[in-house]
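Here's coords_28.cif, which has mmCIF, N, CA and C atoms:
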```cif
data_query
loop_
_atom_site.label_atom_id
_atom_site.label_comp_id
_atom_site.auth_asym_id
_atom_site.auth_seq_id
_atom_site.Cartn_x
_atom_site.Cartn_y
_atom_site.Cartn_z
N MET Y 25 -8.45 18.45 11.33
CA MET Y 25 -7.77 17.59 12.27
C MET Y 25 -8.02 18.10 13.69
N VAL Y 26 -8.20 17.20 14.60
CA VAL Y 26 -8.45 17.55 15.99
C VAL Y 26 -7.15 18.02 16.61
N ARG Y 27 -7.20 19.13 17.28
CA ARG Y 27 -6.00 19.71 17.88
C ARG Y 27 -5.41 18.77 18.93
N GLY Y 28 -4.08 18.57 18.83
CA GLY Y 28 -3.38 17.78 19.83
C GLY Y 28 -3.43 16.29 19.62
N LYS Y 29 -4.07 15.83 18.57
CA LYS Y 29 -4.14 14.39 18.32
C LYS Y 29 -3.38 14.05 17.06
N HIS Y 30 -2.78 12.89 17.06
CA HIS Y 30 -2.07 12.40 15.89
C HIS Y 30 -3.09 12.02 14.83
N PRO Y 31 -2.82 12.32 13.51
CA PRO Y 31 -3.81 12.02 12.47
C PRO Y 31 -4.24 10.56 12.42
N LEU Y 32 -3.35 9.63 12.79
CA LEU Y 32 -3.73 8.22 12.75
C LEU Y 32 -4.74 7.88 13.83
N LYS Y 33 -4.71 8.60 14.94
CA LYS Y 33 -5.60 8.29 16.05
C LYS Y 33 -6.97 8.90 15.87
N THR Y 34 -7.13 9.81 14.91
CA THR Y 34 -8.45 10.42 14.69
C THR Y 34 -9.34 9.53 13.84
N ILE Y 35 -8.77 8.54 13.17
CA ILE Y 35 -9.55 7.61 12.35
C ILE Y 35 -9.82 6.37 13.18
N ASP Y 36 -11.08 5.96 13.25
CA ASP Y 36 -11.40 4.72 13.95
C ASP Y 36 -10.80 3.56 13.18
N LYS Y 37 -10.43 2.51 13.88
CA LYS Y 37 -9.91 1.33 13.21
C LYS Y 37 -11.09 0.61 12.56
N ILE Y 38 -11.15 0.72 11.25
CA ILE Y 38 -12.27 0.19 10.50
C ILE Y 38 -12.13 -1.31 10.29
N ILE Y 39 -10.92 -1.75 10.08
CA ILE Y 39 -10.68 -3.14 9.73
C ILE Y 39 -10.69 -3.99 10.98
N LYS Y 40 -11.43 -5.05 10.94
CA LYS Y 40 -11.53 -5.95 12.07
C LYS Y 40 -10.43 -7.00 11.98
N ARG Y 41 -9.26 -6.67 12.48
CA ARG Y 41 -8.13 -7.60 12.49
C ARG Y 41 -7.62 -7.69 13.91
N PRO Y 42 -6.99 -8.81 14.25
CA PRO Y 42 -6.39 -8.89 15.58
C PRO Y 42 -5.31 -7.82 15.72
N SER Y 43 -5.15 -7.31 16.93
CA SER Y 43 -4.12 -6.30 17.13
C SER Y 43 -2.76 -6.88 16.80
N GLY Y 44 -1.93 -6.09 16.18
CA GLY Y 44 -0.59 -6.54 15.81
C GLY Y 44 -0.52 -7.25 14.48
N SER Y 45 -1.63 -7.30 13.71
CA SER Y 45 -1.58 -8.02 12.44
C SER Y 45 -0.93 -7.19 11.33
N PHE Y 46 -0.81 -5.88 11.55
CA PHE Y 46 -0.08 -5.03 10.61
C PHE Y 46 1.30 -4.76 11.19
N ARG Y 47 2.26 -4.58 10.31
CA ARG Y 47 3.63 -4.37 10.77
C ARG Y 47 3.89 -2.95 11.26
N SER Y 48 3.04 -2.00 10.88
CA SER Y 48 3.25 -0.62 11.33
C SER Y 48 1.91 0.12 11.39
N LYS Y 49 1.92 1.25 12.09
CA LYS Y 49 0.71 2.06 12.17
C LYS Y 49 0.38 2.70 10.83
N TRP Y 50 1.40 2.90 9.98
CA TRP Y 50 1.15 3.46 8.65
C TRP Y 50 0.42 2.44 7.78
N GLU Y 51 0.79 1.16 7.89
CA GLU Y 51 0.09 0.12 7.15
C GLU Y 51 -1.35 0.01 7.63
N GLN Y 52 -1.57 0.11 8.93
CA GLN Y 52 -2.93 0.08 9.47
C GLN Y 52 -3.75 1.24 8.92
N ALA Y 53 -3.15 2.43 8.90
CA ALA Y 53 -3.85 3.61 8.39
C ALA Y 53 -4.14 3.47 6.90
N TYR Y 54 -3.20 2.90 6.13
CA TYR Y 54 -3.43 2.73 4.70
C TYR Y 54 -4.52 1.68 4.46
N ALA Y 55 -4.55 0.63 5.28
CA ALA Y 55 -5.61 -0.37 5.17
C ALA Y 55 -6.97 0.26 5.46
N ASN Y 56 -7.04 1.17 6.43
CA ASN Y 56 -8.29 1.88 6.71
C ASN Y 56 -8.72 2.70 5.49
N LYS Y 57 -7.75 3.36 4.86
CA LYS Y 57 -8.03 4.15 3.65
C LYS Y 57 -8.57 3.25 2.54
N LEU Y 58 -7.93 2.09 2.34
CA LEU Y 58 -8.38 1.17 1.30
C LEU Y 58 -9.78 0.63 1.60
N GLU Y 59 -10.07 0.38 2.87
CA GLU Y 59 -11.40 -0.11 3.23
C GLU Y 59 -12.46 0.94 2.93
N LEU Y 60 -12.18 2.20 3.21
CA LEU Y 60 -13.12 3.27 2.87
C LEU Y 60 -13.31 3.37 1.36
N GLU Y 61 -12.21 3.25 0.60
CA GLU Y 61 -12.30 3.30 -0.86
C GLU Y 61 -13.07 2.10 -1.40
N LYS Y 62 -12.93 0.95 -0.75
CA LYS Y 62 -13.68 -0.23 -1.17
C LYS Y 62 -15.18 -0.01 -0.96
N ARG Y 63 -15.54 0.55 0.18
CA ARG Y 63 -16.95 0.83 0.47
C ARG Y 63 -17.53 1.88 -0.48
N ALA Y 64 -16.66 2.78 -0.97
CA ALA Y 64 -17.11 3.82 -1.90
C ALA Y 64 -17.11 3.34 -3.35
N GLY Y 65 -16.59 2.13 -3.61
CA GLY Y 65 -16.57 1.59 -4.96
C GLY Y 65 -15.35 1.98 -5.78
N ILE Y 66 -14.38 2.63 -5.16
CA ILE Y 66 -13.15 3.03 -5.87
C ILE Y 66 -12.22 1.83 -6.02
N VAL Y 67 -12.21 0.97 -5.03
CA VAL Y 67 -11.37 -0.23 -5.00
C VAL Y 67 -12.29 -1.44 -5.00
N MET Y 68 -11.95 -2.46 -5.80
CA MET Y 68 -12.75 -3.69 -5.78
C MET Y 68 -12.35 -4.57 -4.60
N ARG Y 69 -11.05 -4.85 -4.50
CA ARG Y 69 -10.51 -5.71 -3.44
C ARG Y 69 -9.09 -5.29 -3.13
N TYR Y 70 -8.63 -5.71 -1.96
CA TYR Y 70 -7.22 -5.53 -1.62
C TYR Y 70 -6.79 -6.65 -0.70
N TRP Y 71 -5.50 -6.92 -0.73
CA TRP Y 71 -4.91 -7.97 0.09
C TRP Y 71 -3.69 -7.41 0.80
N TYR Y 72 -3.51 -7.78 2.05
CA TYR Y 72 -2.35 -7.35 2.83
C TYR Y 72 -1.26 -8.42 2.73
N GLU Y 73 -0.07 -8.01 2.36
CA GLU Y 73 1.09 -8.89 2.17
C GLU Y 73 0.68 -10.21 1.50
N PRO Y 74 0.24 -10.12 0.24
CA PRO Y 74 -0.34 -11.29 -0.42
C PRO Y 74 0.66 -12.41 -0.72
N PHE Y 75 1.92 -12.08 -0.94
CA PHE Y 75 2.91 -13.10 -1.26
C PHE Y 75 4.31 -12.53 -1.11
N SER Y 76 5.29 -13.42 -1.21
CA SER Y 76 6.70 -13.01 -1.15
C SER Y 76 7.32 -13.15 -2.53
N LEU Y 77 8.20 -12.23 -2.85
CA LEU Y 77 8.98 -12.30 -4.08
C LEU Y 77 10.45 -12.44 -3.69
N TRP Y 78 11.17 -13.25 -4.43
CA TRP Y 78 12.61 -13.38 -4.18
C TRP Y 78 13.33 -12.55 -5.22
N LEU Y 79 14.06 -11.57 -4.74
CA LEU Y 79 14.82 -10.68 -5.61
C LEU Y 79 16.26 -11.18 -5.68
N PRO Y 80 17.04 -10.70 -6.66
CA PRO Y 80 18.44 -11.12 -6.75
C PRO Y 80 19.18 -10.85 -5.44
N GLY Y 81 20.11 -11.74 -5.12
CA GLY Y 81 20.86 -11.62 -3.88
C GLY Y 81 20.15 -12.26 -2.71
N LYS Y 82 19.18 -13.13 -3.01
CA LYS Y 82 18.40 -13.84 -1.99
C LYS Y 82 17.70 -12.88 -1.03
N ILE Y 83 17.17 -11.80 -1.58
CA ILE Y 83 16.43 -10.81 -0.80
C ILE Y 83 14.95 -11.07 -0.97
N ARG Y 84 14.27 -11.27 0.15
CA ARG Y 84 12.83 -11.50 0.11
C ARG Y 84 12.11 -10.16 0.21
N PHE Y 85 11.11 -9.99 -0.65
CA PHE Y 85 10.34 -8.75 -0.68
C PHE Y 85 8.86 -9.10 -0.62
N LYS Y 86 8.15 -8.56 0.37
CA LYS Y 86 6.71 -8.76 0.50
C LYS Y 86 6.03 -7.42 0.27
N PRO Y 87 5.36 -7.24 -0.87
CA PRO Y 87 4.62 -5.99 -1.06
C PRO Y 87 3.57 -5.85 0.05
N ASP Y 88 3.38 -4.65 0.54
CA ASP Y 88 2.44 -4.45 1.64
C ASP Y 88 1.00 -4.70 1.21
N PHE Y 89 0.61 -4.20 0.05
CA PHE Y 89 -0.77 -4.36 -0.41
C PHE Y 89 -0.81 -4.66 -1.90
N MET Y 90 -1.75 -5.50 -2.27
CA MET Y 90 -2.11 -5.68 -3.67
C MET Y 90 -3.54 -5.18 -3.78
N VAL Y 91 -3.76 -4.23 -4.68
CA VAL Y 91 -5.06 -3.57 -4.80
C VAL Y 91 -5.62 -3.82 -6.20
N GLN Y 92 -6.87 -4.23 -6.25
CA GLN Y 92 -7.56 -4.46 -7.51
C GLN Y 92 -8.59 -3.34 -7.69
N TYR Y 93 -8.44 -2.59 -8.78
CA TYR Y 93 -9.37 -1.51 -9.10
C TYR Y 93 -10.37 -2.00 -10.14
N PRO Y 94 -11.56 -1.43 -10.18
CA PRO Y 94 -12.54 -1.86 -11.18
C PRO Y 94 -12.07 -1.49 -12.59
N PRO Y 95 -12.56 -2.20 -13.60
CA PRO Y 95 -12.16 -1.87 -14.97
C PRO Y 95 -12.65 -0.47 -15.34
N LEU Y 96 -11.87 0.20 -16.16
CA LEU Y 96 -12.26 1.53 -16.63
C LEU Y 96 -13.43 1.41 -17.60
N GLN Y 97 -14.26 2.41 -17.62
CA GLN Y 97 -15.43 2.41 -18.51
C GLN Y 97 -15.01 2.93 -19.88
N THR Y 98 -14.31 2.10 -20.62
CA THR Y 98 -13.86 2.48 -21.96
C THR Y 98 -14.45 1.51 -22.97
N ILE Y 99 -14.33 1.86 -24.23
CA ILE Y 99 -14.78 0.96 -25.30
C ILE Y 99 -13.56 0.62 -26.14
N PRO Y 100 -13.14 -0.61 -26.25
CA PRO Y 100 -13.62 -1.79 -25.52
C PRO Y 100 -13.24 -1.70 -24.05
N PRO Y 101 -13.92 -2.47 -23.18
CA PRO Y 101 -13.63 -2.40 -21.75
C PRO Y 101 -12.18 -2.73 -21.45
N ALA Y 102 -11.59 -1.96 -20.56
CA ALA Y 102 -10.19 -2.17 -20.17
C ALA Y 102 -10.10 -3.34 -19.20
N LEU Y 103 -8.90 -3.87 -19.11
CA LEU Y 103 -8.66 -4.94 -18.15
C LEU Y 103 -8.68 -4.38 -16.73
N VAL Y 104 -8.80 -5.28 -15.77
CA VAL Y 104 -8.77 -4.88 -14.37
C VAL Y 104 -7.37 -4.36 -14.04
N HIS Y 105 -7.32 -3.31 -13.31
CA HIS Y 105 -6.08 -2.65 -12.94
C HIS Y 105 -5.62 -3.18 -11.59
N MET Y 106 -4.38 -3.71 -11.52
CA MET Y 106 -3.81 -4.23 -10.27
C MET Y 106 -2.59 -3.41 -9.91
N GLU Y 107 -2.49 -3.03 -8.64
CA GLU Y 107 -1.34 -2.29 -8.15
C GLU Y 107 -0.73 -3.00 -6.97
N MET Y 108 0.60 -2.94 -6.90
CA MET Y 108 1.34 -3.39 -5.72
C MET Y 108 1.79 -2.13 -5.00
N ILE Y 109 1.47 -2.04 -3.73
CA ILE Y 109 1.75 -0.82 -2.98
C ILE Y 109 2.64 -1.15 -1.79
N GLU Y 110 3.68 -0.37 -1.64
CA GLU Y 110 4.60 -0.46 -0.51
C GLU Y 110 4.42 0.79 0.33
N VAL Y 111 4.12 0.63 1.61
CA VAL Y 111 3.89 1.75 2.52
C VAL Y 111 5.15 1.96 3.34
N LYS Y 112 5.63 3.19 3.38
CA LYS Y 112 6.82 3.52 4.17
C LYS Y 112 6.51 4.67 5.10
N GLY Y 113 7.25 4.72 6.18
CA GLY Y 113 7.12 5.82 7.14
C GLY Y 113 7.84 7.05 6.62
N TRP Y 114 8.47 7.78 7.50
CA TRP Y 114 9.18 8.99 7.10
C TRP Y 114 10.40 8.64 6.27
N SER Y 115 11.13 9.62 5.81
CA SER Y 115 12.18 9.45 4.80
C SER Y 115 13.33 8.53 5.21
N ARG Y 116 13.44 8.19 6.49
CA ARG Y 116 14.56 7.37 6.96
C ARG Y 116 14.67 6.04 6.21
N ASN Y 117 13.57 5.33 6.02
CA ASN Y 117 13.64 4.02 5.37
C ASN Y 117 13.06 4.03 3.96
N ARG Y 118 12.75 5.18 3.44
CA ARG Y 118 12.12 5.26 2.12
C ARG Y 118 13.08 4.88 1.01
N ARG Y 119 14.37 5.22 1.14
CA ARG Y 119 15.34 4.94 0.08
C ARG Y 119 15.49 3.44 -0.16
N ASP Y 120 15.63 2.65 0.91
CA ASP Y 120 15.76 1.19 0.75
C ASP Y 120 14.49 0.60 0.16
N GLY Y 121 13.35 1.10 0.59
CA GLY Y 121 12.08 0.61 0.05
C GLY Y 121 11.95 0.90 -1.43
N MET Y 122 12.40 2.07 -1.86
CA MET Y 122 12.32 2.45 -3.27
C MET Y 122 13.25 1.56 -4.11
N THR Y 123 14.43 1.25 -3.59
CA THR Y 123 15.37 0.39 -4.33
C THR Y 123 14.76 -0.98 -4.56
N ARG Y 124 14.22 -1.59 -3.52
CA ARG Y 124 13.59 -2.92 -3.67
C ARG Y 124 12.38 -2.85 -4.59
N LEU Y 125 11.63 -1.79 -4.48
CA LEU Y 125 10.45 -1.64 -5.32
C LEU Y 125 10.83 -1.52 -6.80
N LYS Y 126 11.89 -0.78 -7.11
CA LYS Y 126 12.34 -0.64 -8.50
C LYS Y 126 12.81 -1.97 -9.05
N ILE Y 127 13.50 -2.76 -8.24
CA ILE Y 127 13.96 -4.08 -8.69
C ILE Y 127 12.75 -4.98 -8.96
N ALA Y 128 11.81 -5.00 -8.03
CA ALA Y 128 10.61 -5.83 -8.21
C ALA Y 128 9.81 -5.38 -9.43
N ALA Y 129 9.72 -4.07 -9.65
CA ALA Y 129 8.98 -3.56 -10.81
C ALA Y 129 9.65 -3.96 -12.12
N ALA Y 130 10.97 -3.99 -12.14
CA ALA Y 130 11.69 -4.40 -13.35
C ALA Y 130 11.50 -5.90 -13.61
N LEU Y 131 11.45 -6.70 -12.56
CA LEU Y 131 11.30 -8.15 -12.71
C LEU Y 131 9.85 -8.57 -12.98
N PHE Y 132 8.89 -7.80 -12.50
CA PHE Y 132 7.48 -8.14 -12.63
C PHE Y 132 6.70 -6.95 -13.20
N PRO Y 133 6.88 -6.66 -14.49
CA PRO Y 133 6.22 -5.48 -15.08
C PRO Y 133 4.72 -5.66 -15.31
N CYS Y 134 4.16 -6.82 -14.96
CA CYS Y 134 2.74 -7.05 -15.16
C CYS Y 134 1.89 -6.27 -14.15
N PHE Y 135 2.51 -5.74 -13.12
CA PHE Y 135 1.80 -4.95 -12.11
C PHE Y 135 2.23 -3.49 -12.19
N VAL Y 136 1.38 -2.63 -11.68
CA VAL Y 136 1.74 -1.23 -11.46
C VAL Y 136 2.29 -1.16 -10.04
N TRP Y 137 3.43 -0.52 -9.87
CA TRP Y 137 4.09 -0.47 -8.56
C TRP Y 137 4.08 0.96 -8.04
N ARG Y 138 3.81 1.10 -6.73
CA ARG Y 138 3.73 2.44 -6.14
C ARG Y 138 4.26 2.42 -4.71
N LEU Y 139 5.02 3.44 -4.37
CA LEU Y 139 5.49 3.65 -3.00
C LEU Y 139 4.66 4.79 -2.42
N VAL Y 140 4.05 4.56 -1.25
CA VAL Y 140 3.27 5.61 -0.60
C VAL Y 140 3.83 5.87 0.79
N TRP Y 141 3.64 7.09 1.27
CA TRP Y 141 4.08 7.45 2.61
C TRP Y 141 3.09 8.42 3.22
N MET Y 142 3.13 8.49 4.52
CA MET Y 142 2.22 9.36 5.27
C MET Y 142 2.73 10.79 5.22
N LYS Y 143 1.83 11.72 4.91
CA LYS Y 143 2.20 13.14 4.93
C LYS Y 143 2.12 13.64 6.37
N ARG Y 144 2.86 14.67 6.66
CA ARG Y 144 2.92 15.20 8.03
C ARG Y 144 1.56 15.68 8.54
N GLY Y 145 0.75 16.27 7.70
CA GLY Y 145 -0.54 16.77 8.14
C GLY Y 145 -1.65 15.73 8.12
N GLY Y 146 -1.33 14.52 7.70
CA GLY Y 146 -2.32 13.47 7.55
C GLY Y 146 -2.54 13.16 6.08
N GLY Y 147 -3.06 12.02 5.79
CA GLY Y 147 -3.24 11.59 4.40
C GLY Y 147 -1.97 10.95 3.87
N PHE Y 148 -2.03 10.54 2.61
CA PHE Y 148 -0.91 9.83 2.01
C PHE Y 148 -0.47 10.53 0.74
N ASP Y 149 0.81 10.39 0.43
CA ASP Y 149 1.38 10.85 -0.82
C ASP Y 149 2.15 9.67 -1.39
N GLY Y 150 2.51 9.72 -2.64
CA GLY Y 150 3.24 8.59 -3.20
C GLY Y 150 3.77 8.87 -4.58
N GLU Y 151 4.49 7.88 -5.08
CA GLU Y 151 4.99 7.98 -6.44
C GLU Y 151 5.00 6.60 -7.08
N TYR Y 152 4.74 6.62 -8.38
CA TYR Y 152 4.74 5.38 -9.14
C TYR Y 152 6.17 5.08 -9.59
N VAL Y 153 6.47 3.80 -9.70
CA VAL Y 153 7.80 3.37 -10.13
C VAL Y 153 7.74 3.07 -11.61
#
```

Could you quickly redo this structure as structure tokens?
Amino acid sequence: MVRGKHPLKTIDKIIKRPSGSFRSKWEQAYANKLELEKRAGIVMRYWYEPFSLWLPGKIRFKPDFMVQYPPLQTIPPALVHMEMIEVKGWSRNRRDGMTRLKIAAALFPCFVWRLVWMKRGGGFDGEYV
């Protein structure tokens, strides 16, 4: 890491989107990570805020990313792996995000659900629901 610079500012903005199209700098950084993984063949496709889900209590939930991974090289070939990813900042808002994510995961078990957050030194960490 370059001394004196924030880890998000050391990565060039790879994705060609209008400024302000992401809701946070963490989402922008995660989109950059996904774009690099797509170019490396780790990710097939990804979508930013692909749709809204209505949870009980009239709560709207928009997953930050839907990621499609290539099928595993198994015999017989595995199905395509899809993940819904919610990106959160520091621990302040992580608890509310985890609650909504757990409810969505219980209602829609056809997807793999994951909460990711930015680590202090750069990079991402996360947990599956």

- Message: Show me, as an MDAnalysis selection string, the residues that have an atom within 6 Å of Val153 (chain Y) when counting all atoms listed in the file, minus same-chain residues fewer than 6 positions from it.
- Response: chainID Y and resid 137:139

- Would you kindly translate the PyMOL selection byres ((chain Y and resi 141-150) around 6.5) into the concrete residues it picks from this file, as a list of chain:residue names? Y:Pro31, Y:Glu110, Y:Val111, Y:Lys112, Y:Gly113, Y:Trp114, Y:Arg138, Y:Leu139, Y:Val140, Y:Glu151, Y:Tyr152

- Hits from the PyMOL selection byres ((chain Y and resi 106) around 8), listed as a VMD selection string: chain Y and resid 90 to 94 103 to 105 107 to 109 134 to 137

- Task: Could you list the residues chosen by the PyMOL selection byres ((chain Y and resi 75) around 6.5) in this structure as a list of chain:residue names?
- Result: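 Applying the expression gives Y:Tyr72, Y:Glu73, Y:Pro74, Y:Ser76, Y:Leu77, Y:Phe85, Y:Lys86, Y:Pro87.
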
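Candidate residues Y:Leu79, Y:Leu60, Y:Arg84, Y:Gly65 were compared for distance to Lys126 (chain Y), and the nearest is Y:Leu79, using only C-alpha atoms.
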
- What is the CA of Arg69 (chain Y) to CA of Arg47 (chain Y) distance in Å?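 If I compute the distance from CA of Arg69 (chain Y) to CA of Arg47 (chain Y), I get 20.1 Å.
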
- CA of Thr123 (chain Y) and CA of Val67 (chain Y), how far apart in Å? 26.8 Å

- Mind pulling up the distance from CA of Tyr70 (chain Y) to CA of Ala129 (chain Y)?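 Between CA of Ala129 (chain Y) and CA of Tyr70 (chain Y) the gap works out to 18.7 Å.
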
- Query: Taking all atoms listed in the file into account, which of Y:Trp71, Y:Phe46, Y:Phe132, Y:Tyr54 comes nearest Phe89 (chain Y)?
  - Reply: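 Under the stated criterion, the closest residue is Y:Trp71.
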